[in-house]
file entry.pdb (PDB, C-alpha atoms)
ATOM      1  CA  MET A1021       4.818  -9.393   2.057
ATOM      2  CA  LEU A1022       8.504  -9.676   2.918
ATOM      3  CA  ASP A1023      11.247  -7.923   0.963
ATOM      4  CA  GLY A1024      14.392  -9.269   2.576
ATOM      5  CA  ASP A1025      13.897  -8.437   6.264
ATOM      6  CA  THR A1026      11.401  -5.629   5.547
ATOM      7  CA  VAL A1027       7.690  -6.180   6.200
ATOM      8  CA  VAL A1028       5.829  -4.616   3.270
ATOM      9  CA  PHE A1029       2.174  -3.679   3.501
ATOM     10  CA  VAL A1030       0.800  -3.625  -0.039
ATOM     11  CA  GLU A1031      -2.406  -1.849  -1.001
ATOM     12  CA  VAL A1032      -3.705  -2.933  -4.408
ATOM     13  CA  ARG A1033      -6.099  -0.537  -6.126
ATOM     14  CA  TYR A1034      -7.899  -1.015  -9.439
ATOM     15  CA  ARG A1035      -9.865   1.412 -11.553
ATOM     16  CA  LYS A1036     -11.631   0.320 -14.719
ATOM     17  CA  HIS A1037     -12.284   3.942 -15.685
ATOM     18  CA  ALA A1038     -10.517   7.131 -14.635
ATOM     19  CA  ALA A1039     -13.774   9.095 -14.386
ATOM     20  CA  TRP A1040     -13.467   9.300 -10.572
ATOM     21  CA  GLY A1041      -9.696   9.561 -10.565
ATOM     22  CA  GLY A1042      -7.013   6.982 -11.067
ATOM     23  CA  ALA A1043      -6.215   4.016  -8.881
ATOM     24  CA  LEU A1044      -3.160   5.695  -7.373
ATOM     25  CA  GLU A1045      -5.111   8.841  -6.493
ATOM     26  CA  SER A1046      -7.712   6.744  -4.675
ATOM     27  CA  VAL A1047      -5.240   6.236  -1.815
ATOM     28  CA  ASP A1048      -5.957   9.547  -0.111
ATOM     29  CA  GLY A1049      -5.078  10.740   3.376
ATOM     30  CA  ARG A1050      -8.025   8.977   4.988
ATOM     31  CA  LYS A1051      -7.152   5.675   3.304
ATOM     32  CA  ARG A1052      -3.510   6.057   4.353
ATOM     33  CA  GLN A1053      -4.525   6.511   7.987
ATOM     34  CA  ARG A1054      -6.683   3.384   7.854
ATOM     35  CA  LEU A1055      -3.806   1.375   6.347
ATOM     36  CA  ILE A1056      -1.377   2.638   8.972
ATOM     37  CA  LEU A1057      -3.799   1.712  11.751
ATOM     38  CA  ALA A1058      -4.270  -1.775  10.298
ATOM     39  CA  ALA A1059      -0.473  -2.210  10.072
ATOM     40  CA  GLU A1060      -0.024  -1.072  13.681
ATOM     41  CA  LEU A1061      -2.624  -3.567  14.879
ATOM     42  CA  PHE A1062      -0.984  -6.348  12.863
ATOM     43  CA  LEU A1063       2.466  -5.552  14.257
ATOM     44  CA  GLN A1064       1.109  -5.479  17.822
ATOM     45  CA  ARG A1065      -0.490  -8.903  17.415
ATOM     46  CA  GLU A1066       2.364 -10.497  15.485
ATOM     47  CA  ASN A1067       5.309  -9.934  17.815
ATOM     48  CA  ARG A1068       7.791 -11.649  15.507
ATOM     49  CA  TRP A1069       7.436  -8.811  12.958
ATOM     50  CA  GLY A1070       7.281  -5.929  15.431
ATOM     51  CA  LYS A1071      10.998  -5.155  15.391
ATOM     52  CA  GLN A1072      11.470  -5.505  11.630
ATOM     53  CA  PRO A1073      11.595  -2.459   9.351
ATOM     54  CA  CYS A1074       8.385  -1.906   7.415
ATOM     55  CA  ARG A1075       7.115   0.110   4.485
ATOM     56  CA  PHE A1076       3.940   0.725   2.520
ATOM     57  CA  ASP A1077       3.681   0.029  -1.196
ATOM     58  CA  VAL A1078       0.761   0.765  -3.492
ATOM     59  CA  VAL A1079       0.069  -1.244  -6.627
ATOM     60  CA  ALA A1080      -2.279   0.742  -8.852
ATOM     61  CA  ILE A1081      -3.893  -1.006 -11.792
ATOM     62  CA  GLY A1082      -5.667   0.825 -14.563
ATOM     63  CA  PRO A1083      -7.186  -0.146 -17.891
ATOM     64  CA  GLY A1084      -4.910  -1.514 -20.618
ATOM     65  CA  SER A1085      -1.826  -3.684 -20.568
ATOM     66  CA  SER A1086       0.453  -0.866 -19.358
ATOM     67  CA  GLY A1087      -1.859   0.101 -16.527
ATOM     68  CA  LEU A1088       0.224  -1.341 -13.644
ATOM     69  CA  ASN A1089       2.080   1.119 -11.417
ATOM     70  CA  TRP A1090       3.968  -0.192  -8.367
ATOM     71  CA  LEU A1091       4.903   2.619  -6.016
ATOM     72  CA  ARG A1092       7.383   1.514  -3.360
ATOM     73  CA  ASN A1093       7.547   3.537  -0.124
ATOM     74  CA  ALA A1094       4.289   5.145  -1.166
ATOM     75  CA  PHE A1095       3.827   6.993   2.123
ATOM     76  CA  GLU A1096       7.258   8.639   2.235
ATOM     77  CA  THR A1097       7.047  12.409   2.227
TER      78      THR A1097
END
call {"tool": "encode", "arguments": {"input": "entry.pdb", "output": "structure tokens"}}
result
Amino acid sequence: MLDGDTVVFVEVRYRKHAAWGGALESVDGRKRQRLILAAELFLQRENRWGKQPCRFDVVAIGPGSSGLNWLRNAFET
């Protein structure tokens, strides 16, 4: 996705039940590394986006109407 001139990689996670943790918690360190690798490969292949700023967002969806949580810059420490 583009947000102005920023390339945004969006990971959408859904959990029907929180028994195994919520949708946001399902993006652990291993999943982050896989997303970063996929983004690097994309940026290498798509030269037009390679010099643009980028960020990672996570959209976590849980049960109920208020279950949407959009976390921008999700990988910032």
call {"tool": "closest_residue", "arguments": {"input": "entry.pdb", "among": "A:Gly1042, A:Asp1023, A:Arg1092, A:Tyr1034", "to": "Phe1076 in chain A", "atoms": "all atoms listed in the file"}}
result
A:Arg1092
call {"tool": "closest_residue", "arguments": {"input": "entry.pdb", "among": "A:Trp1069, A:Asp1048, A:Arg1075, A:Leu1088", "to": "Val1030 in chain A", "atoms": "only C-alpha atoms"}}
result
A:Arg1075
call {"tool": "resolve_selection", "arguments": {"input": "entry.pdb", "expression": "the PyMOL selection byres ((chain A and resi 1046) around 12)", "output": "list in words"}}
result
Glu1031, Val1032, Arg1033, Tyr1034, Arg1035, Ala1038, Ala1039, Trp1040, Gly1041, Gly1042, Ala1043, Leu1044, Glu1045, Val1047, Asp1048, Gly1049, Arg1050, Lys1051, Arg1052, Val1078, Val1079, Ala1080, Ile1081 and Gly1082 of chain A
call {"tool": "axis_aligned_box", "arguments": {"input": "entry.pdb", "around": "range 1042-1051 of chain A", "padding_each_side": "3 Å", "output": "JSON"}}
result
{"center_x": -5.6, "center_y": 7.4, "center_z": -3.0, "size_x": 10.9, "size_y": 12.7, "size_z": 22.1}
call {"tool": "decode", "arguments": {"input": "entry.pdb", "residues": "range 1063-1078 of chain A", "atoms": "N, CA and C atoms", "output": "PDB file, in the first residue's frame"}}
result
ATOM      1  N   LEU A1063      11.338  -5.197  -2.723  1.00  0.00           N
ATOM      2  CA  LEU A1063      12.016  -3.939  -3.038  1.00  0.00           C
ATOM      3  C   LEU A1063      13.185  -4.155  -3.996  1.00  0.00           C
ATOM      4  N   GLN A1064      13.834  -5.316  -3.931  1.00  0.00           N
ATOM      5  CA  GLN A1064      14.910  -5.623  -4.867  1.00  0.00           C
ATOM      6  C   GLN A1064      14.370  -5.838  -6.276  1.00  0.00           C
ATOM      7  N   ARG A1065      13.211  -6.447  -6.386  1.00  0.00           N
ATOM      8  CA  ARG A1065      12.633  -6.745  -7.695  1.00  0.00           C
ATOM      9  C   ARG A1065      11.897  -5.557  -8.299  1.00  0.00           C
ATOM     10  N   GLU A1066      11.358  -4.716  -7.461  1.00  0.00           N
ATOM     11  CA  GLU A1066      10.597  -3.549  -7.918  1.00  0.00           C
ATOM     12  C   GLU A1066      11.430  -2.299  -7.680  1.00  0.00           C
ATOM     13  N   ASN A1067      12.335  -2.023  -8.604  1.00  0.00           N
ATOM     14  CA  ASN A1067      13.292  -0.927  -8.446  1.00  0.00           C
ATOM     15  C   ASN A1067      12.640   0.426  -8.204  1.00  0.00           C
ATOM     16  N   ARG A1068      11.466   0.637  -8.752  1.00  0.00           N
ATOM     17  CA  ARG A1068      10.819   1.952  -8.602  1.00  0.00           C
ATOM     18  C   ARG A1068      10.464   2.268  -7.158  1.00  0.00           C
ATOM     19  N   TRP A1069      10.345   1.268  -6.300  1.00  0.00           N
ATOM     20  CA  TRP A1069       9.996   1.493  -4.889  1.00  0.00           C
ATOM     21  C   TRP A1069      11.210   1.419  -3.978  1.00  0.00           C
ATOM     22  N   GLY A1070      12.344   1.010  -4.495  1.00  0.00           N
ATOM     23  CA  GLY A1070      13.522   0.754  -3.678  1.00  0.00           C
ATOM     24  C   GLY A1070      14.079   1.949  -2.930  1.00  0.00           C
ATOM     25  N   LYS A1071      13.863   3.146  -3.429  1.00  0.00           N
ATOM     26  CA  LYS A1071      14.403   4.336  -2.777  1.00  0.00           C
ATOM     27  C   LYS A1071      13.363   5.079  -1.936  1.00  0.00           C
ATOM     28  N   GLN A1072      12.148   4.570  -1.913  1.00  0.00           N
ATOM     29  CA  GLN A1072      11.078   5.198  -1.138  1.00  0.00           C
ATOM     30  C   GLN A1072      11.169   4.755   0.333  1.00  0.00           C
ATOM     31  N   PRO A1073      10.728   5.607   1.252  1.00  0.00           N
ATOM     32  CA  PRO A1073      10.658   5.162   2.645  1.00  0.00           C
ATOM     33  C   PRO A1073       9.618   4.047   2.755  1.00  0.00           C
ATOM     34  N   CYS A1074       9.787   3.175   3.723  1.00  0.00           N
ATOM     35  CA  CYS A1074       8.816   2.105   3.918  1.00  0.00           C
ATOM     36  C   CYS A1074       8.581   1.882   5.403  1.00  0.00           C
ATOM     37  N   ARG A1075       7.468   1.221   5.682  1.00  0.00           N
ATOM     38  CA  ARG A1075       7.128   0.877   7.064  1.00  0.00           C
ATOM     39  C   ARG A1075       6.276  -0.382   7.054  1.00  0.00           C
ATOM     40  N   PHE A1076       6.114  -0.957   8.232  1.00  0.00           N
ATOM     41  CA  PHE A1076       5.298  -2.150   8.407  1.00  0.00           C
ATOM     42  C   PHE A1076       4.134  -1.820   9.328  1.00  0.00           C
ATOM     43  N   ASP A1077       2.929  -2.119   8.866  1.00  0.00           N
ATOM     44  CA  ASP A1077       1.734  -1.973   9.682  1.00  0.00           C
ATOM     45  C   ASP A1077       1.156  -3.358   9.922  1.00  0.00           C
ATOM     46  N   VAL A1078       0.448  -3.504  11.032  1.00  0.00           N
ATOM     47  CA  VAL A1078      -0.284  -4.733  11.312  1.00  0.00           C
ATOM     48  C   VAL A1078      -1.733  -4.353  11.580  1.00  0.00           C
TER      49      VAL A1078
END
